[in-house]
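J.: protein-v5.cif (mmCIF, C-alpha atoms) pasted underneath:
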data_data
#
loop_
_atom_site.label_atom_id
_atom_site.label_comp_id
_atom_site.auth_asym_id
_atom_site.auth_seq_id
_atom_site.Cartn_x
_atom_site.Cartn_y
_atom_site.Cartn_z
CA MET E 431 -55.90 -128.97 -38.01
CA GLU E 432 -54.73 -129.23 -41.62
CA GLU E 433 -54.61 -132.73 -43.03
CA VAL E 434 -51.52 -133.99 -44.83
CA ASP E 435 -52.28 -135.18 -48.33
CA ALA E 436 -50.35 -138.44 -48.76
CA ASN E 437 -49.77 -138.93 -52.45
CA PRO E 438 -48.25 -142.36 -53.14
CA GLY E 439 -47.67 -141.30 -56.72
CA LEU E 440 -44.93 -138.88 -55.66
CA ILE E 441 -43.08 -141.70 -53.89
CA PHE E 442 -43.22 -143.93 -56.95
CA ASP E 443 -42.12 -141.06 -59.16
CA LYS E 444 -39.09 -140.48 -56.94
CA LEU E 445 -38.19 -144.19 -56.97
CA ASP E 446 -38.65 -144.28 -60.71
CA GLY E 447 -36.28 -141.33 -61.11
CA TRP E 448 -33.68 -143.08 -58.97
CA LEU E 449 -33.93 -146.25 -60.98
CA ASP E 450 -33.62 -144.31 -64.23
CA GLY E 451 -30.51 -142.57 -62.91
CA PHE E 452 -29.07 -145.90 -61.79
CA PHE E 453 -29.62 -147.52 -65.18
CA ARG E 454 -28.09 -144.49 -66.89
CA LEU E 455 -25.00 -144.87 -64.64
CA LEU E 456 -24.69 -148.60 -65.20
CA PRO E 457 -22.15 -148.19 -68.03
CA ASN E 458 -20.10 -145.80 -65.87
CA ILE E 459 -20.29 -148.18 -62.92
CA GLY E 460 -19.14 -151.06 -65.13
CA VAL E 461 -16.20 -149.04 -66.45
CA ALA E 462 -15.35 -147.93 -62.89
CA LEU E 463 -15.33 -151.53 -61.66
CA VAL E 464 -13.08 -152.54 -64.54
CA VAL E 465 -10.70 -149.66 -63.76
CA ALA E 466 -10.65 -150.57 -60.04
CA VAL E 467 -9.93 -154.25 -60.82
CA VAL E 468 -7.22 -153.32 -63.34
CA PHE E 469 -5.48 -151.04 -60.83
CA TRP E 470 -5.83 -153.69 -58.13
CA PHE E 471 -4.03 -156.27 -60.24
CA LEU E 472 -1.58 -153.60 -61.44
CA GLY E 473 -0.74 -152.77 -57.80
CA MET E 474 -0.26 -156.45 -57.01
CA GLY E 475 2.04 -156.85 -60.02
CA ILE E 476 4.11 -153.78 -59.12
CA GLY E 477 4.35 -154.98 -55.50
CA ALA E 478 5.51 -158.44 -56.58
CA LEU E 479 8.08 -156.90 -58.94
CA ILE E 480 9.47 -154.72 -56.14
CA ARG E 481 9.70 -157.70 -53.78
CA LYS E 482 11.44 -159.80 -56.42
CA THR E 483 13.92 -157.06 -57.29
CA ALA E 484 14.72 -156.39 -53.63
CA GLY E 485 15.04 -160.11 -52.96
CA ARG E 486 17.73 -160.47 -55.62
CA ARG E 487 19.72 -157.77 -53.81
CA GLY E 488 19.27 -159.37 -50.39
CA ARG E 489 16.76 -156.76 -49.16
CA ASP E 490 13.73 -158.98 -48.56
CA ASN E 491 12.27 -156.89 -45.73
CA LEU E 492 12.57 -153.68 -47.74
CA GLY E 493 10.95 -155.42 -50.69
CA ASN E 494 7.98 -156.55 -48.59
CA VAL E 495 7.39 -153.08 -47.16
CA GLY E 496 7.97 -151.25 -50.46
CA GLY E 497 5.79 -153.72 -52.36
CA SER E 498 2.92 -153.29 -49.90
CA LEU E 499 3.12 -149.50 -50.00
CA MET E 500 3.16 -149.38 -53.80
CA ARG E 501 0.31 -151.86 -54.04
CA TRP E 502 -1.90 -149.74 -51.79
CA ALA E 503 -0.85 -146.50 -53.48
CA VAL E 504 -1.81 -147.83 -56.92
CA THR E 505 -5.07 -149.26 -55.53
CA ILE E 506 -6.03 -145.89 -54.01
CA ILE E 507 -5.32 -144.12 -57.31
CA GLY E 508 -7.53 -146.63 -59.10
CA PHE E 509 -10.31 -146.09 -56.57
CA MET E 510 -10.11 -142.33 -57.06
CA LEU E 511 -10.36 -142.72 -60.83
CA ALA E 512 -13.31 -145.07 -60.44
CA VAL E 513 -15.14 -142.48 -58.30
CA THR E 514 -14.60 -139.79 -60.94
CA ILE E 515 -15.97 -142.12 -63.62
CA VAL E 516 -19.12 -142.93 -61.64
CA ALA E 517 -19.64 -139.30 -60.59
CA PRO E 518 -18.27 -137.05 -63.37
CA THR E 519 -19.06 -133.95 -61.30
CA VAL E 520 -16.41 -135.02 -58.80
CA THR E 521 -13.00 -133.94 -60.06
CA PRO E 522 -9.62 -135.42 -59.06
CA GLY E 523 -8.87 -132.08 -57.38
CA ASP E 524 -11.87 -132.53 -55.09
CA LEU E 525 -10.69 -136.02 -54.15
CA ILE E 526 -7.16 -134.83 -53.53
CA ALA E 527 -8.40 -131.96 -51.37
CA GLY E 528 -10.61 -134.32 -49.38
CA LEU E 529 -7.74 -136.79 -49.10
CA GLY E 530 -5.51 -134.03 -47.76
CA VAL E 531 -7.98 -133.09 -45.04
CA SER E 532 -8.48 -136.75 -44.19
CA SER E 533 -4.72 -137.30 -44.07
CA VAL E 534 -4.33 -134.57 -41.45
CA ALA E 535 -7.05 -136.12 -39.30
CA ILE E 536 -5.61 -139.60 -39.76
CA GLY E 537 -2.14 -138.29 -38.99
CA PHE E 538 -3.25 -136.89 -35.63
CA ALA E 539 -5.23 -140.01 -34.77
CA PHE E 540 -2.49 -142.48 -35.70
CA LYS E 541 0.61 -140.39 -34.96
CA ASP E 542 2.51 -143.17 -33.16
CA ILE E 543 1.69 -145.76 -35.80
CA LEU E 544 2.77 -143.48 -38.65
CA GLN E 545 5.92 -142.50 -36.75
CA ASN E 546 6.87 -146.15 -36.31
CA MET E 547 6.08 -146.84 -39.96
CA LEU E 548 8.30 -143.99 -41.18
CA ALA E 549 11.09 -145.12 -38.84
CA GLY E 550 10.73 -148.68 -40.13
CA ILE E 551 11.03 -147.52 -43.74
CA LEU E 552 14.14 -145.48 -42.90
CA ILE E 553 15.68 -148.45 -41.08
CA LEU E 554 15.04 -150.68 -44.08
CA LEU E 555 16.49 -148.09 -46.45
CA ARG E 556 19.60 -147.24 -44.43
CA GLN E 557 19.99 -150.81 -43.16
CA PRO E 558 22.04 -150.23 -39.97
CA PHE E 559 21.43 -153.90 -39.16
CA GLU E 560 19.89 -156.90 -40.90
CA VAL E 561 17.85 -159.95 -40.01
CA GLY E 562 20.21 -162.33 -38.23
CA ASP E 563 22.33 -159.60 -36.64
CA GLN E 564 22.77 -159.57 -32.87
CA ILE E 565 21.93 -156.16 -31.42
CA VAL E 566 21.47 -154.37 -28.09
CA SER E 567 18.67 -151.79 -27.91
CA GLY E 568 16.82 -150.32 -24.97
CA GLY E 569 18.30 -152.82 -22.52
CA HIS E 570 17.31 -155.77 -24.72
CA GLU E 571 19.87 -157.98 -26.44
CA GLY E 572 19.26 -160.72 -28.97
CA THR E 573 19.11 -161.78 -32.61
CA VAL E 574 16.99 -159.82 -35.09
CA GLU E 575 14.19 -162.06 -36.37
CA LYS E 576 12.09 -159.67 -38.43
CA ILE E 577 11.92 -155.98 -39.35
CA GLU E 578 8.36 -154.78 -39.96
CA THR E 579 6.98 -151.34 -40.65
CA ARG E 580 5.78 -150.96 -37.06
CA ALA E 581 8.35 -152.82 -34.98
CA THR E 582 11.52 -154.89 -35.00
CA MET E 583 11.40 -158.33 -33.41
CA ILE E 584 14.43 -159.83 -31.69
CA LYS E 585 14.92 -163.20 -30.03
CA THR E 586 16.81 -162.97 -26.76
CA TYR E 587 19.53 -165.46 -25.86
CA ASP E 588 17.25 -167.12 -23.32
CA GLY E 589 14.60 -167.83 -25.94
CA ARG E 590 12.14 -164.93 -25.58
CA ARG E 591 10.78 -162.55 -28.21
CA VAL E 592 11.00 -158.79 -27.73
CA VAL E 593 9.00 -156.43 -29.95
CA ILE E 594 10.70 -153.01 -30.08
CA PRO E 595 8.90 -150.06 -31.77
CA ASN E 596 10.89 -148.79 -34.74
CA SER E 597 10.75 -145.20 -33.51
CA ASP E 598 12.60 -146.25 -30.34
CA ILE E 599 15.29 -148.02 -32.35
CA TYR E 600 15.69 -145.16 -34.82
CA THR E 601 15.95 -142.41 -32.19
CA ASP E 602 17.99 -144.35 -29.61
CA SER E 603 21.47 -145.84 -29.78
CA VAL E 604 21.77 -149.42 -31.02
CA VAL E 605 24.81 -151.67 -30.54
CA VAL E 606 25.25 -154.12 -33.42
CA ASN E 607 27.49 -156.85 -32.03
CA THR E 608 27.79 -158.70 -35.33
CA ALA E 609 28.45 -155.69 -37.55
CA PHE E 610 32.03 -156.95 -38.01
CA ASP E 611 33.47 -160.43 -38.24
CA THR E 612 35.51 -160.30 -35.02
CA ARG E 613 35.04 -158.86 -31.56
CA ARG E 614 37.48 -158.10 -28.74
CA SER E 615 37.16 -159.37 -25.18
CA GLU E 616 39.23 -158.45 -22.13
CA TYR E 617 39.75 -159.45 -18.51
CA ASP E 618 41.86 -158.04 -15.66
CA ILE E 619 44.08 -160.57 -13.83
CA GLY E 620 46.00 -159.90 -10.62
CA ILE E 621 49.50 -161.34 -10.07
CA GLY E 622 51.72 -161.29 -6.99
CA CYS E 623 53.59 -158.08 -6.32
CA SER E 624 56.89 -159.98 -6.24
CA ASP E 625 56.26 -161.96 -9.46
CA ASP E 626 58.02 -161.03 -12.70
CA TRP E 627 55.82 -158.96 -15.03
CA ASP E 628 57.29 -160.21 -18.30
CA THR E 629 57.08 -163.88 -17.33
CA ALA E 630 53.48 -163.60 -16.20
CA ARG E 631 52.45 -161.68 -19.31
CA LYS E 632 54.05 -164.25 -21.62
CA VAL E 633 52.33 -167.10 -19.81
CA MET E 634 48.97 -165.37 -20.17
CA GLN E 635 49.43 -164.62 -23.87
CA ASP E 636 50.61 -168.16 -24.71
CA ALA E 637 47.78 -169.77 -22.76
CA CYS E 638 45.20 -167.50 -24.37
CA ALA E 639 46.54 -168.12 -27.89
CA SER E 640 46.27 -171.90 -27.37
CA VAL E 641 42.49 -171.74 -26.79
CA GLU E 642 40.30 -172.77 -29.70
CA GLY E 643 38.24 -169.83 -30.94
CA VAL E 644 40.83 -167.14 -30.18
CA GLU E 645 41.89 -165.32 -33.33
CA ALA E 646 45.58 -165.44 -34.27
CA ASP E 647 45.43 -162.05 -35.97
CA PRO E 648 45.38 -159.82 -34.06
CA ALA E 649 47.16 -161.94 -31.47
CA PRO E 650 46.32 -161.84 -27.75
CA GLU E 651 48.04 -159.05 -25.82
CA THR E 652 48.59 -158.00 -22.23
CA ILE E 653 48.83 -154.51 -20.73
CA PRO E 654 49.86 -153.64 -17.15
CA VAL E 655 47.11 -151.35 -15.91
CA GLU E 656 47.39 -151.00 -12.12
CA LEU E 657 49.65 -151.38 -9.12
CA GLY E 658 47.05 -152.65 -6.70
CA ASP E 659 47.03 -152.94 -2.91
CA SER E 660 47.47 -156.70 -2.89
CA ALA E 661 48.24 -157.51 -6.55
CA ASN E 662 49.59 -156.05 -9.77
CA ILE E 663 46.82 -155.93 -12.40
CA VAL E 664 47.42 -157.12 -15.97
CA ARG E 665 44.72 -156.69 -18.62
CA LEU E 666 44.48 -159.61 -21.06
CA ARG E 667 42.80 -158.84 -24.43
CA TRP E 668 41.95 -161.20 -27.27
CA TRP E 669 39.71 -161.40 -30.38
CA THR E 670 37.01 -163.94 -31.26
CA LYS E 671 34.14 -164.31 -33.71
CA SER E 672 31.57 -161.61 -33.08
CA ASP E 673 28.53 -163.81 -32.44
CA ARG E 674 27.46 -164.29 -28.83
CA ALA E 675 27.99 -168.05 -28.72
CA SER E 676 31.60 -167.85 -29.90
CA GLN E 677 32.40 -164.91 -27.63
CA ILE E 678 30.97 -166.28 -24.39
CA HIS E 679 32.26 -169.86 -24.76
CA THR E 680 35.74 -168.71 -25.73
CA PHE E 681 35.73 -166.25 -22.81
CA GLY E 682 35.24 -169.05 -20.31
CA ALA E 683 37.84 -171.27 -21.96
CA VAL E 684 40.43 -168.47 -21.87
CA LEU E 685 39.93 -167.81 -18.16
CA GLN E 686 40.31 -171.49 -17.35
CA ALA E 687 43.44 -171.92 -19.51
CA VAL E 688 45.13 -168.80 -18.11
CA TYR E 689 44.43 -169.80 -14.51
CA LYS E 690 45.92 -173.26 -15.01
CA ALA E 691 48.98 -171.90 -16.83
CA LEU E 692 49.76 -169.33 -14.12
CA ASP E 693 49.27 -171.92 -11.40
CA GLU E 694 51.64 -174.38 -13.13
CA LYS E 695 54.34 -171.69 -13.44
CA GLY E 696 54.04 -170.81 -9.76
CA ILE E 697 52.82 -167.28 -10.40
CA ASP E 698 50.75 -166.03 -7.50
CA MET E 699 47.19 -164.82 -8.02
CA PRO E 700 46.66 -163.30 -4.57
CA TYR E 701 43.40 -162.64 -2.86
CA PRO E 702 42.84 -159.17 -1.40
CA THR E 703 44.49 -159.02 2.04
CA GLN E 704 44.17 -156.57 4.91
CA VAL E 705 46.14 -156.06 8.16
CA HIS E 706 44.16 -155.15 11.30
CA LEU E 707 45.98 -153.71 14.37
CA PHE E 708 44.19 -154.18 17.69
CA HIS E 709 45.15 -151.60 20.32
CA ASP E 710 45.49 -153.29 23.72
CA GLN E 711 44.92 -150.64 26.40
CA THR E 712 45.66 -152.96 29.35
CA GLU E 713 49.43 -153.12 28.95
CA GLU E 714 51.80 -151.06 31.09
CA THR E 715 53.43 -149.66 27.94
CA ASP E 716 50.15 -148.49 26.44
CA GLY E 717 50.65 -145.00 25.03
CA ASP E 718 54.46 -145.20 25.13
CA ARG E 719 55.51 -144.98 21.51
CA ARG E 720 58.99 -146.28 22.32
CA ALA E 721 57.72 -149.54 23.76
CA GLN E 722 54.22 -150.38 22.44
CA ARG E 723 53.85 -153.31 20.08
CA GLU E 724 51.88 -151.50 17.36
CA GLY E 725 55.11 -149.98 16.10
CA TRP E 726 54.11 -146.33 15.82
CA PRO E 727 57.24 -144.17 15.53
CA ALA E 728 58.28 -142.12 18.56
CA GLY E 729 59.44 -139.20 16.43
CA GLU E 730 61.58 -136.30 17.64
CA GLY E 731 61.15 -134.14 20.72
CA ASP E 732 59.14 -135.03 23.81
CA VAL E 733 57.63 -138.47 23.62
CA PRO E 734 54.25 -138.94 25.33
CA LYS E 735 54.47 -141.03 28.48
CA SER E 736 52.56 -144.24 28.84
CA ARG E 737 49.20 -144.18 30.55
CA ALA E 738 50.61 -146.18 33.44
CA GLN E 739 53.33 -143.59 34.00
CA GLN E 740 50.81 -140.77 33.81
CA ARG E 741 48.59 -142.54 36.34
CA ASP E 742 51.48 -143.12 38.75
CA GLU E 743 52.56 -139.47 38.52
CA LYS E 744 49.01 -138.31 39.17
CA GLU E 745 48.68 -140.51 42.24
CA GLU E 746 52.09 -139.33 43.55
CA LYS E 747 51.02 -135.70 43.26
CA ALA E 748 47.81 -136.45 45.11
CA ARG E 749 49.68 -138.07 48.02
CA GLN E 750 52.08 -135.14 48.25
CA SER E 751 49.22 -132.67 48.38
CA ASP E 752 47.52 -134.67 51.14
CA ALA E 753 50.72 -134.75 53.16
#
Can you present the structure in this file as structure tokens?

T.:
Amino acid sequence: MEEVDANPGLIFDKLDGWLDGFFRLLPNIGVALVVAVVFWFLGMGIGALIRKTAGRRGRDNLGNVGGSLMRWAVTIIGFMLAVTIVAPTVTPGDLIAGLGVSSVAIGFAFKDILQNMLAGILILLRQPFEVGDQIVSGGHEGTVEKIETRATMIKTYDGRRVVIPNSDIYTDSVVVNTAFDTRRSEYDIGIGCSDDWDTARKVMQDACASVEGVEADPAPETIPVELGDSANIVRLRWWTKSDRASQIHTFGAVLQAVYKALDEKGIDMPYPTQVHLFHDQTEETDGDRRAQREGWPAGEGDVPKSRAQQRDEKEEKARQSDA
């Protein structure tokens, strides 16, 4: 068996070569650190400038996202330059090629995160809604608290927080209730079939206009929409401020005021009514359309006899046959 000749001198020579290489690279490492620090502070400065500029235009969320992206972009560029300074054999092209391959792998691994980030940036750029707006998205309704790169946070009217991914908001329909200053509400009211349309409509409009919170322009209006079975239906429409609190409180006040006004004027607001006819088969006139109480018309031609008459005739025929 051949013995291995352990030569400690070779180990020390290797360590000595490493140390010599390290000391030769010390100036490059120092310059690389300076470059990295400079780009770090440069990225922070550019990010702060973007946030300040966006803040003056009322786009705070866009400024925060844009500032963070620019800060990291500048920092990565500085890191790449620092690597090329420390290792001159590594060219920027090699780093870019490696970054491209890494980007593909990262893109597959974090597809959902990147999708939400891109959707968040587009939402901040296009600004379909802002912080403070009241929106409806994916069955959730509330006030927008914050728009981040990954998700949008809303506070529901019952005091809960909902975190909605930006990709869902961007690809699905969103109702912005506070996009405009005013919002229309409506309610269908039934009046008696014998009541005067014009009188009832005027009472509704005047009562609605007297409620605090109802906009004078456009004024409340009424539209006849249906001739119902037990009532004639009138649709009352009015405008309020678009926020949820104004809309819901005014809605209740309008219903109460209209009900009282119609009641004071003697205008009927009937309940649904139905008439049930019970067919009594024990009467002698049962089946005789000329005499039964249900009021079915006899019509022309032969009128069916009552069941009692048919029974008597049948019994008479039976007696005659027996005789």

J.: How far is it from CA of Tyr587 (chain E) to CA of Tyr617 (chain E), in Å with one decimal?

T.: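 One can read the CA of Tyr587 (chain E) to CA of Tyr617 (chain E) distance as 22.3 Å.
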
J.: Pull the neighbourhood of (39.6, -167.0, -20.7) for me: all residues within 9 Å in file coordinates, counting all atoms listed in the file, as an mmCIF file with C-alpha atoms, in the coordinates of the input.

T.:
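Saved as selection-v3.cif:
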data_model
loop_
_atom_site.group_PDB
_atom_site.id
_atom_site.type_symbol
_atom_site.label_atom_id
_atom_site.label_comp_id
_atom_site.auth_asym_id
_atom_site.auth_seq_id
_atom_site.Cartn_x
_atom_site.Cartn_y
_atom_site.Cartn_z
ATOM 1 C CA GLU E 616 39.230 -158.450 -22.130
ATOM 2 C CA TYR E 617 39.750 -159.450 -18.510
ATOM 3 C CA ALA E 637 47.780 -169.770 -22.760
ATOM 4 C CA CYS E 638 45.200 -167.500 -24.370
ATOM 5 C CA VAL E 641 42.490 -171.740 -26.790
ATOM 6 C CA LEU E 666 44.480 -159.610 -21.060
ATOM 7 C CA HIS E 679 32.260 -169.860 -24.760
ATOM 8 C CA THR E 680 35.740 -168.710 -25.730
ATOM 9 C CA PHE E 681 35.730 -166.250 -22.810
ATOM 10 C CA GLY E 682 35.240 -169.050 -20.310
ATOM 11 C CA ALA E 683 37.840 -171.270 -21.960
ATOM 12 C CA VAL E 684 40.430 -168.470 -21.870
ATOM 13 C CA LEU E 685 39.930 -167.810 -18.160
ATOM 14 C CA GLN E 686 40.310 -171.490 -17.350
ATOM 15 C CA ALA E 687 43.440 -171.920 -19.510
ATOM 16 C CA VAL E 688 45.130 -168.800 -18.110
ATOM 17 C CA TYR E 689 44.430 -169.800 -14.510
#

J.: Under the PyMOL selection byres ((chain E and resi 502) around 12), which residues of this model are included? Write them out as a list in words.

T.: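 When the PyMOL selection byres ((chain E and resi 502) around 12) is applied to the shown file, the picked residues are Phe469, Trp470, Phe471, Leu472, Gly473, Met474, Gly475, Ile476, Gly477, Val495, Gly496, Gly497, Ser498, Leu499, Met500, Arg501, Ala503, Val504, Thr505, Ile506, Ile507, Gly508 and Phe509 of chain E.
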
J.: With C-alpha atoms retained, export the selected residues as a short mmCIF file (atom, residue, chain, number, x, y, z; two decimals), in the frame of the given file.

T.:
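Ended up saving to part.cif:
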data_model
loop_
_atom_site.label_atom_id
_atom_site.label_comp_id
_atom_site.auth_asym_id
_atom_site.auth_seq_id
_atom_site.Cartn_x
_atom_site.Cartn_y
_atom_site.Cartn_z
CA PHE E 469 -5.48 -151.04 -60.83
CA TRP E 470 -5.83 -153.69 -58.13
CA PHE E 471 -4.03 -156.27 -60.24
CA LEU E 472 -1.58 -153.60 -61.44
CA GLY E 473 -0.74 -152.77 -57.80
CA MET E 474 -0.26 -156.45 -57.01
CA GLY E 475 2.04 -156.85 -60.02
CA ILE E 476 4.11 -153.78 -59.12
CA GLY E 477 4.35 -154.98 -55.50
CA VAL E 495 7.39 -153.08 -47.16
CA GLY E 496 7.97 -151.25 -50.46
CA GLY E 497 5.79 -153.72 -52.36
CA SER E 498 2.92 -153.29 -49.90
CA LEU E 499 3.12 -149.50 -50.00
CA MET E 500 3.16 -149.38 -53.80
CA ARG E 501 0.31 -151.86 -54.04
CA ALA E 503 -0.85 -146.50 -53.48
CA VAL E 504 -1.81 -147.83 -56.92
CA THR E 505 -5.07 -149.26 -55.53
CA ILE E 506 -6.03 -145.89 -54.01
CA ILE E 507 -5.32 -144.12 -57.31
CA GLY E 508 -7.53 -146.63 -59.10
CA PHE E 509 -10.31 -146.09 -56.57
#

J.: Given the choices E:Val644, E:Cys623, E:Ala549, E:Met583, which gets closest to Tyr600 (chain E) if the distance is worked out from only C-alpha atoms?

T.: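 The closest residue to Tyr600 (chain E) is E:Ala549.
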
J.: Which value, in Å to one decimal, gives the distance between CA of Ala484 (chain E) and CA of Glu575 (chain E)?

T.: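 Spanning CA of Ala484 (chain E) to CA of Glu575 (chain E) is a straight-line distance of 18.2 Å.
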
J.: Could you check which of E:Gly589, E:Gly562, E:Gly493, E:Pro650 is closest to Ala609 (chain E), using all atoms listed in the file?

T.: E:Gly562

J.: What does the structure give for the distance between CA of Val574 (chain E) and CA of Val561 (chain E), in Å to one decimal?

T.: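 Distance between the two atoms: 5.0 Å.
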
J.: Using all atoms listed in the file, which of E:Ile515, E:Ala738, E:Ile594, E:Val655 sits nearest Pro457 (chain E)?

T.: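 Smallest distance to Pro457 (chain E) is found for E:Ile515.
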
J.: Got a sec: who's within 12 Å of Lys576 (chain E), counting all atoms listed in the file, leaving out chain neighbours fewer than 4 positions off, as a ChimeraX atom specification?

T.: /E:490-492,494-495,550,554,559-563,572,580-585,591-594,596

J.: Please produce an output containing C-alpha atoms for each residue in the selection, written as a PDB file, in the coordinates of the input.

T.:
ATOM      1  CA  ASP E 490      13.730-158.980 -48.560  1.00  0.00           C
ATOM      2  CA  ASN E 491      12.270-156.890 -45.730  1.00  0.00           C
ATOM      3  CA  LEU E 492      12.570-153.680 -47.740  1.00  0.00           C
ATOM      4  CA  ASN E 494       7.980-156.550 -48.590  1.00  0.00           C
ATOM      5  CA  VAL E 495       7.390-153.080 -47.160  1.00  0.00           C
ATOM      6  CA  GLY E 550      10.730-148.680 -40.130  1.00  0.00           C
ATOM      7  CA  LEU E 554      15.040-150.680 -44.080  1.00  0.00           C
ATOM      8  CA  PHE E 559      21.430-153.900 -39.160  1.00  0.00           C
ATOM      9  CA  GLU E 560      19.890-156.900 -40.900  1.00  0.00           C
ATOM     10  CA  VAL E 561      17.850-159.950 -40.010  1.00  0.00           C
ATOM     11  CA  GLY E 562      20.210-162.330 -38.230  1.00  0.00           C
ATOM     12  CA  ASP E 563      22.330-159.600 -36.640  1.00  0.00           C
ATOM     13  CA  GLY E 572      19.260-160.720 -28.970  1.00  0.00           C
ATOM     14  CA  ARG E 580       5.780-150.960 -37.060  1.00  0.00           C
ATOM     15  CA  ALA E 581       8.350-152.820 -34.980  1.00  0.00           C
ATOM     16  CA  THR E 582      11.520-154.890 -35.000  1.00  0.00           C
ATOM     17  CA  MET E 583      11.400-158.330 -33.410  1.00  0.00           C
ATOM     18  CA  ILE E 584      14.430-159.830 -31.690  1.00  0.00           C
ATOM     19  CA  LYS E 585      14.920-163.200 -30.030  1.00  0.00           C
ATOM     20  CA  ARG E 591      10.780-162.550 -28.210  1.00  0.00           C
ATOM     21  CA  VAL E 592      11.000-158.790 -27.730  1.00  0.00           C
ATOM     22  CA  VAL E 593       9.000-156.430 -29.950  1.00  0.00           C
ATOM     23  CA  ILE E 594      10.700-153.010 -30.080  1.00  0.00           C
ATOM     24  CA  ASN E 596      10.890-148.790 -34.740  1.00  0.00           C
TER      25      ASN E 596
END

J.: I need the residue nearest Val516 (chain E) from this list: E:Leu555, E:Leu463, E:Val605, E:Ile543. Use all atoms listed in the file for the distance.

T.: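 So, comparing all the options, the nearest one is E:Leu463.
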
J.: Name the residues in contact with Pro700 (chain E) at a cut-off of 12 Å, using only C-alpha atoms, excluding same-chain residues fewer than 4 positions from it; report them as a PyMOL selection string.

T.: chain E and resi 619-625+658-663+692-693+696+704

J.: Can you work out which one of E:Val566, E:Leu511, E:Val664, E:Ile697 has the shortest atom-to-atom distance to Val468 (chain E), counting all atoms listed in the file?

T.: E:Leu511
